[in-house]
Amino acid sequence: MPDVDSPAGRYAPSPSGDLHLGNLRTAILAWVLARRSGRAFRLRVEDLDRVREGAEERQLEDLEAIGLDWDGEVMHQSRRAEAYDAAIGRLADAGLVYECYCTRREILEAPSAPHAPPGAYPGTCRDLDGNARERGRARMRELRREPALRLRAGVAEWAVHDMFAGEVTGTVDDLVLRRGDGVVAYNLAVVVDDAAQGVDQVVRADDLLSSAPRQAYLAHLLGGADLASGTDPATSAGPATSADRTRAAAPDPTAPMEYAHVPLAVSPSGARLAKRDGAVTLRDRLERGEDVGDVVGRIGASLGLEGCRSAPDVLERWDPATLPSEPWVVDLPA
């Protein structure tokens, strides 16, 4: 069994309800890839937002039922405020944080840079003068909310390597670090928590692939020389040129993260699988007369494996090179 200081993979569900078959499939793949590579396997509950009473306990029971185990205590994001504050403080000390007074509608309606994805922040509040900031704060008081805190990004894009997608370069904007309601943003929380848990392998659904470059860039800042020296990469050398951005897009070799984004589970209509699609959770299937082995068997079959009855069966038999590239269409008997 790996020790507490071992590099680790992880699974990090939100306790908003029971895990559906797509969630369980991703959990199995994350566990298999961690165990196969000799890593520890950590569990984290991402409970900053939606929390349904009893959901965490049910999720952990379901993960154990299909054969997963994990190392160390379960981490809870709701207990990590001090760590998030410290990370934001480090970035602020380096001149990499500013207040944002924009509403979501204003961001969506604002002109954005060419090729920027929908919703990318256009930098409206990045370089406001003191008077403009005071007007922004007054407006926030009228709205009874705090300004959001944003990262002053020094690159336009960042590159990561994914086990299945290969080299992926994505847009990096001035992402939110703390929301206007005071809750820390997901992108900051996962970076801080992965570092605290020793996670160097992230396995998750491929709808989150576009988030990997910005998270990797933020991890680079929190662990890299730019922050340690107190220099602001956004201002120390002037505007980033295309050559600068090309150099900046290289992953930080001192803090490598192995990503593995796996295809989503979808309903027969092609929409992302959700609990509204019927009996799609482990408990639903048990109520319909199936057993845990039947459910894991269906997940195994989606990976080209017949006869799997538990996660250890998948660990023994699955070859990552055979992972289907298309979404898993979950078509279940009623």
# chains A, B, ... in the order shown; residues from 1 in each chain; ligands from 1
$ select_by_dssp --residues "range 167-208 of chain A" --states "strand (DSSP E)" --output "PyMOL selection string"
chain A and resi 167-171+176-178+201-205
$ write_last_selection --atoms "N, CA, C and O atoms" --output "PDB file, in the first residue's frame"
ATOM      1  N   GLU A 167      -1.278  16.374 -26.578  1.00  0.00           N
ATOM      2  CA  GLU A 167      -0.976  17.748 -26.201  1.00  0.00           C
ATOM      3  C   GLU A 167      -2.213  18.618 -26.416  1.00  0.00           C
ATOM      4  O   GLU A 167      -2.802  18.613 -27.496  1.00  0.00           O
ATOM      5  N   VAL A 168      -2.588  19.356 -25.386  1.00  0.00           N
ATOM      6  CA  VAL A 168      -3.774  20.209 -25.438  1.00  0.00           C
ATOM      7  C   VAL A 168      -3.373  21.610 -25.004  1.00  0.00           C
ATOM      8  O   VAL A 168      -2.840  21.795 -23.901  1.00  0.00           O
ATOM      9  N   THR A 169      -3.603  22.590 -25.871  1.00  0.00           N
ATOM     10  CA  THR A 169      -3.343  23.981 -25.534  1.00  0.00           C
ATOM     11  C   THR A 169      -4.677  24.690 -25.400  1.00  0.00           C
ATOM     12  O   THR A 169      -5.529  24.593 -26.293  1.00  0.00           O
ATOM     13  N   GLY A 170      -4.878  25.376 -24.286  1.00  0.00           N
ATOM     14  CA  GLY A 170      -6.152  26.034 -24.031  1.00  0.00           C
ATOM     15  C   GLY A 170      -5.986  27.473 -23.620  1.00  0.00           C
ATOM     16  O   GLY A 170      -4.916  27.903 -23.173  1.00  0.00           O
ATOM     17  N   THR A 171      -7.070  28.215 -23.765  1.00  0.00           N
ATOM     18  CA  THR A 171      -7.091  29.623 -23.398  1.00  0.00           C
ATOM     19  C   THR A 171      -7.002  29.791 -21.884  1.00  0.00           C
ATOM     20  O   THR A 171      -7.603  29.041 -21.120  1.00  0.00           O
ATOM     21  N   VAL A 176     -11.653  33.617 -12.123  1.00  0.00           N
ATOM     22  CA  VAL A 176     -12.114  33.990 -10.785  1.00  0.00           C
ATOM     23  C   VAL A 176     -11.418  33.122  -9.741  1.00  0.00           C
ATOM     24  O   VAL A 176     -11.315  31.901  -9.895  1.00  0.00           O
ATOM     25  N   LEU A 177     -10.952  33.758  -8.678  1.00  0.00           N
ATOM     26  CA  LEU A 177     -10.371  33.058  -7.541  1.00  0.00           C
ATOM     27  C   LEU A 177     -11.359  32.968  -6.374  1.00  0.00           C
ATOM     28  O   LEU A 177     -11.413  31.969  -5.670  1.00  0.00           O
ATOM     29  N   ARG A 178     -12.107  34.049  -6.172  1.00  0.00           N
ATOM     30  CA  ARG A 178     -13.165  34.053  -5.159  1.00  0.00           C
ATOM     31  C   ARG A 178     -14.368  34.769  -5.736  1.00  0.00           C
ATOM     32  O   ARG A 178     -14.248  35.848  -6.309  1.00  0.00           O
ATOM     33  N   GLN A 201      -1.877  12.968 -10.657  1.00  0.00           N
ATOM     34  CA  GLN A 201      -2.627  12.307 -11.736  1.00  0.00           C
ATOM     35  C   GLN A 201      -4.107  12.646 -11.557  1.00  0.00           C
ATOM     36  O   GLN A 201      -4.694  12.342 -10.523  1.00  0.00           O
ATOM     37  N   VAL A 202      -4.685  13.290 -12.554  1.00  0.00           N
ATOM     38  CA  VAL A 202      -6.087  13.677 -12.516  1.00  0.00           C
ATOM     39  C   VAL A 202      -6.829  12.935 -13.619  1.00  0.00           C
ATOM     40  O   VAL A 202      -6.542  13.100 -14.807  1.00  0.00           O
ATOM     41  N   VAL A 203      -7.774  12.096 -13.213  1.00  0.00           N
ATOM     42  CA  VAL A 203      -8.620  11.354 -14.144  1.00  0.00           C
ATOM     43  C   VAL A 203     -10.042  11.839 -13.943  1.00  0.00           C
ATOM     44  O   VAL A 203     -10.565  11.811 -12.822  1.00  0.00           O
ATOM     45  N   ARG A 204     -10.672  12.306 -15.003  1.00  0.00           N
ATOM     46  CA  ARG A 204     -12.029  12.835 -14.903  1.00  0.00           C
ATOM     47  C   ARG A 204     -12.654  12.839 -16.286  1.00  0.00           C
ATOM     48  O   ARG A 204     -11.995  12.521 -17.287  1.00  0.00           O
ATOM     49  N   ALA A 205     -13.921  13.208 -16.373  1.00  0.00           N
ATOM     50  CA  ALA A 205     -14.632  13.197 -17.649  1.00  0.00           C
ATOM     51  C   ALA A 205     -14.093  14.277 -18.579  1.00  0.00           C
ATOM     52  O   ALA A 205     -13.619  15.329 -18.136  1.00  0.00           O
TER      53      ALA A 205
END
$ residues_around --residues "Ser78 in chain A" --least-positions-apart "3" --cutoff "7 Å" --atoms "only C-alpha atoms" --output "list in words"
Asp47, Leu48 and Ala81 of chain A
$ write_last_selection --atoms "all heavy atoms" --output "PDB file, in the first residue's frame"
ATOM      1  N   ASP A  47     -17.578  19.993  -1.519  1.00  0.00           N
ATOM      2  CA  ASP A  47     -18.841  20.388  -0.892  1.00  0.00           C
ATOM      3  C   ASP A  47     -18.927  21.892  -0.651  1.00  0.00           C
ATOM      4  O   ASP A  47     -19.491  22.337   0.343  1.00  0.00           O
ATOM      5  CB  ASP A  47     -19.030  19.633   0.421  1.00  0.00           C
ATOM      6  CG  ASP A  47     -17.873  19.809   1.400  1.00  0.00           C
ATOM      7  OD1 ASP A  47     -16.821  20.353   0.994  1.00  0.00           O
ATOM      8  OD2 ASP A  47     -18.002  19.392   2.567  1.00  0.00           O
ATOM      9  N   LEU A  48     -18.381  22.682  -1.571  1.00  0.00           N
ATOM     10  CA  LEU A  48     -18.468  24.135  -1.430  1.00  0.00           C
ATOM     11  C   LEU A  48     -19.841  24.669  -1.825  1.00  0.00           C
ATOM     12  O   LEU A  48     -20.252  25.727  -1.357  1.00  0.00           O
ATOM     13  CB  LEU A  48     -17.395  24.810  -2.290  1.00  0.00           C
ATOM     14  CG  LEU A  48     -15.950  24.615  -1.828  1.00  0.00           C
ATOM     15  CD1 LEU A  48     -14.999  25.250  -2.826  1.00  0.00           C
ATOM     16  CD2 LEU A  48     -15.742  25.198  -0.440  1.00  0.00           C
ATOM     17  N   ALA A  81     -10.985  26.528   4.140  1.00  0.00           N
ATOM     18  CA  ALA A  81     -10.994  27.964   3.884  1.00  0.00           C
ATOM     19  C   ALA A  81      -9.637  28.602   4.152  1.00  0.00           C
ATOM     20  O   ALA A  81      -9.183  29.481   3.399  1.00  0.00           O
ATOM     21  CB  ALA A  81     -12.075  28.644   4.726  1.00  0.00           C
TER      22      ALA A  81
END
$ residues_around --residues "Leu305 in chain A" --least-positions-apart "5" --cutoff "10 Å" --atoms "only C-alpha atoms" --output "JSON, numbers by chain"
{"A": [297, 298, 299, 300, 313, 314, 317, 318, 319]}
$ closest_residue --among "A:Ile66, A:Leu96, A:Val280, A:Leu273" --to "Asp18 in chain A" --atoms "only C-alpha atoms"
A:Val280
$ closest_residue --among "A:Arg58, A:Arg126, A:Arg150, A:Arg145" --to "Ile88 in chain A" --atoms "only C-alpha atoms"
A:Arg150
$ atom_distance --atom1 "CA of Glu73 in chain A" --atom2 "CA of Leu33 in chain A"
20.0 Å
$ residues_around --residues "His261 in chain A" --least-positions-apart "5" --cutoff "10 Å" --atoms "only C-alpha atoms" --output "JSON, numbers by chain"
{"A": [26, 30, 162, 163, 164, 165, 202, 203, 204, 205, 206, 207, 208, 209, 212]}
$ write_last_selection --atoms "C-alpha atoms" --output "compact mmCIF listing (two decimals), in the first residue's frame"
# COMPACT_ATOMS: atom_id res chain seq x y z
CA THR A 26 -14.95 7.51 -13.95
CA ALA A 30 -9.31 6.89 -11.73
CA ASP A 162 -3.35 14.29 -21.58
CA MET A 163 -2.97 10.50 -21.62
CA PHE A 164 -5.73 10.15 -24.20
CA ALA A 165 -6.03 13.54 -25.92
CA VAL A 202 -6.09 13.68 -12.52
CA VAL A 203 -8.62 11.35 -14.14
CA ARG A 204 -12.03 12.84 -14.90
CA ALA A 205 -14.63 13.20 -17.65
CA ASP A 206 -13.55 14.90 -20.85
CA ASP A 207 -16.05 17.75 -20.49
CA LEU A 208 -13.47 19.16 -18.06
CA LEU A 209 -10.55 18.96 -20.48
CA ALA A 212 -6.96 21.68 -17.45
$ residues_around --residues "Glu146 in chain A" --least-positions-apart "6" --cutoff "12 Å" --atoms "only C-alpha atoms" --output "list in words"
Glu99, Cys100, Tyr101, Cys102, Thr103, Gly136, Arg137, Ala138, Arg139, Met140, Arg178, Arg179, Gly180, Asp181, Gly182 and Val183 of chain A
$ write_last_selection --atoms "N, CA, C and O atoms" --output "PDB file, in the first residue's frame"
ATOM      1  N   GLU A  99      -9.734  43.122  -8.073  1.00  0.00           N
ATOM      2  CA  GLU A  99     -11.180  43.055  -7.859  1.00  0.00           C
ATOM      3  C   GLU A  99     -11.920  43.194  -9.178  1.00  0.00           C
ATOM      4  O   GLU A  99     -11.513  43.948 -10.064  1.00  0.00           O
ATOM      5  N   CYS A 100     -13.020  42.480  -9.283  1.00  0.00           N
ATOM      6  CA  CYS A 100     -13.870  42.536 -10.475  1.00  0.00           C
ATOM      7  C   CYS A 100     -15.292  42.878 -10.046  1.00  0.00           C
ATOM      8  O   CYS A 100     -15.832  42.268  -9.117  1.00  0.00           O
ATOM      9  N   TYR A 101     -15.892  43.853 -10.744  1.00  0.00           N
ATOM     10  CA  TYR A 101     -17.224  44.346 -10.380  1.00  0.00           C
ATOM     11  C   TYR A 101     -18.272  43.987 -11.439  1.00  0.00           C
ATOM     12  O   TYR A 101     -19.383  44.496 -11.403  1.00  0.00           O
ATOM     13  N   CYS A 102     -17.920  43.123 -12.364  1.00  0.00           N
ATOM     14  CA  CYS A 102     -18.817  42.774 -13.463  1.00  0.00           C
ATOM     15  C   CYS A 102     -19.857  41.751 -13.030  1.00  0.00           C
ATOM     16  O   CYS A 102     -19.581  40.873 -12.202  1.00  0.00           O
ATOM     17  N   THR A 103     -21.046  41.842 -13.623  1.00  0.00           N
ATOM     18  CA  THR A 103     -22.042  40.801 -13.451  1.00  0.00           C
ATOM     19  C   THR A 103     -21.830  39.742 -14.529  1.00  0.00           C
ATOM     20  O   THR A 103     -21.129  39.967 -15.522  1.00  0.00           O
ATOM     21  N   GLY A 136     -16.873  51.009  -8.625  1.00  0.00           N
ATOM     22  CA  GLY A 136     -17.215  49.592  -8.665  1.00  0.00           C
ATOM     23  C   GLY A 136     -17.580  49.053  -7.296  1.00  0.00           C
ATOM     24  O   GLY A 136     -18.552  48.305  -7.142  1.00  0.00           O
ATOM     25  N   ARG A 137     -16.831  49.439  -6.278  1.00  0.00           N
ATOM     26  CA  ARG A 137     -17.136  48.974  -4.921  1.00  0.00           C
ATOM     27  C   ARG A 137     -18.473  49.512  -4.436  1.00  0.00           C
ATOM     28  O   ARG A 137     -19.231  48.793  -3.763  1.00  0.00           O
ATOM     29  N   ALA A 138     -18.766  50.762  -4.794  1.00  0.00           N
ATOM     30  CA  ALA A 138     -20.060  51.334  -4.414  1.00  0.00           C
ATOM     31  C   ALA A 138     -21.197  50.561  -5.070  1.00  0.00           C
ATOM     32  O   ALA A 138     -22.233  50.293  -4.454  1.00  0.00           O
ATOM     33  N   ARG A 139     -20.989  50.193  -6.306  1.00  0.00           N
ATOM     34  CA  ARG A 139     -22.013  49.411  -7.011  1.00  0.00           C
ATOM     35  C   ARG A 139     -22.200  48.047  -6.357  1.00  0.00           C
ATOM     36  O   ARG A 139     -23.325  47.562  -6.218  1.00  0.00           O
ATOM     37  N   MET A 140     -21.124  47.424  -5.944  1.00  0.00           N
ATOM     38  CA  MET A 140     -21.232  46.132  -5.276  1.00  0.00           C
ATOM     39  C   MET A 140     -21.998  46.257  -3.963  1.00  0.00           C
ATOM     40  O   MET A 140     -22.788  45.378  -3.605  1.00  0.00           O
ATOM     41  N   ARG A 178     -12.107  34.049  -6.172  1.00  0.00           N
ATOM     42  CA  ARG A 178     -13.165  34.053  -5.159  1.00  0.00           C
ATOM     43  C   ARG A 178     -14.368  34.769  -5.736  1.00  0.00           C
ATOM     44  O   ARG A 178     -14.248  35.848  -6.309  1.00  0.00           O
ATOM     45  N   ARG A 179     -15.527  34.152  -5.619  1.00  0.00           N
ATOM     46  CA  ARG A 179     -16.743  34.697  -6.193  1.00  0.00           C
ATOM     47  C   ARG A 179     -17.279  35.845  -5.364  1.00  0.00           C
ATOM     48  O   ARG A 179     -16.869  36.061  -4.226  1.00  0.00           O
ATOM     49  N   GLY A 180     -18.222  36.578  -5.935  1.00  0.00           N
ATOM     50  CA  GLY A 180     -18.819  37.704  -5.254  1.00  0.00           C
ATOM     51  C   GLY A 180     -19.613  37.327  -4.020  1.00  0.00           C
ATOM     52  O   GLY A 180     -19.858  38.168  -3.153  1.00  0.00           O
ATOM     53  N   ASP A 181     -20.022  36.061  -3.909  1.00  0.00           N
ATOM     54  CA  ASP A 181     -20.738  35.610  -2.715  1.00  0.00           C
ATOM     55  C   ASP A 181     -19.786  35.130  -1.628  1.00  0.00           C
ATOM     56  O   ASP A 181     -20.217  34.607  -0.597  1.00  0.00           O
ATOM     57  N   GLY A 182     -18.481  35.290  -1.866  1.00  0.00           N
ATOM     58  CA  GLY A 182     -17.492  34.921  -0.865  1.00  0.00           C
ATOM     59  C   GLY A 182     -16.978  33.504  -0.965  1.00  0.00           C
ATOM     60  O   GLY A 182     -16.036  33.133  -0.251  1.00  0.00           O
ATOM     61  N   VAL A 183     -17.565  32.680  -1.842  1.00  0.00           N
ATOM     62  CA  VAL A 183     -17.146  31.283  -1.974  1.00  0.00           C
ATOM     63  C   VAL A 183     -15.943  31.198  -2.903  1.00  0.00           C
ATOM     64  O   VAL A 183     -15.912  31.829  -3.965  1.00  0.00           O
TER      65      VAL A 183
END
$ residues_around --residues "Leu19 in chain A" --least-positions-apart "4" --cutoff "12 Å" --atoms "only C-alpha atoms" --output "VMD selection string"
chain A and resid 12 to 15 23 to 27 55 to 63 66 273 to 275 279 to 285
$ closest_residue --among "A:Val191, A:Val97, A:Ser310, A:Val330" --to "Val32 in chain A" --atoms "only C-alpha atoms"
A:Ser310
$ closest_residue --among "A:Ala120, A:Arg42, A:Gly22, A:Ala196" --to "Val266 in chain A" --atoms "only C-alpha atoms"
A:Gly22
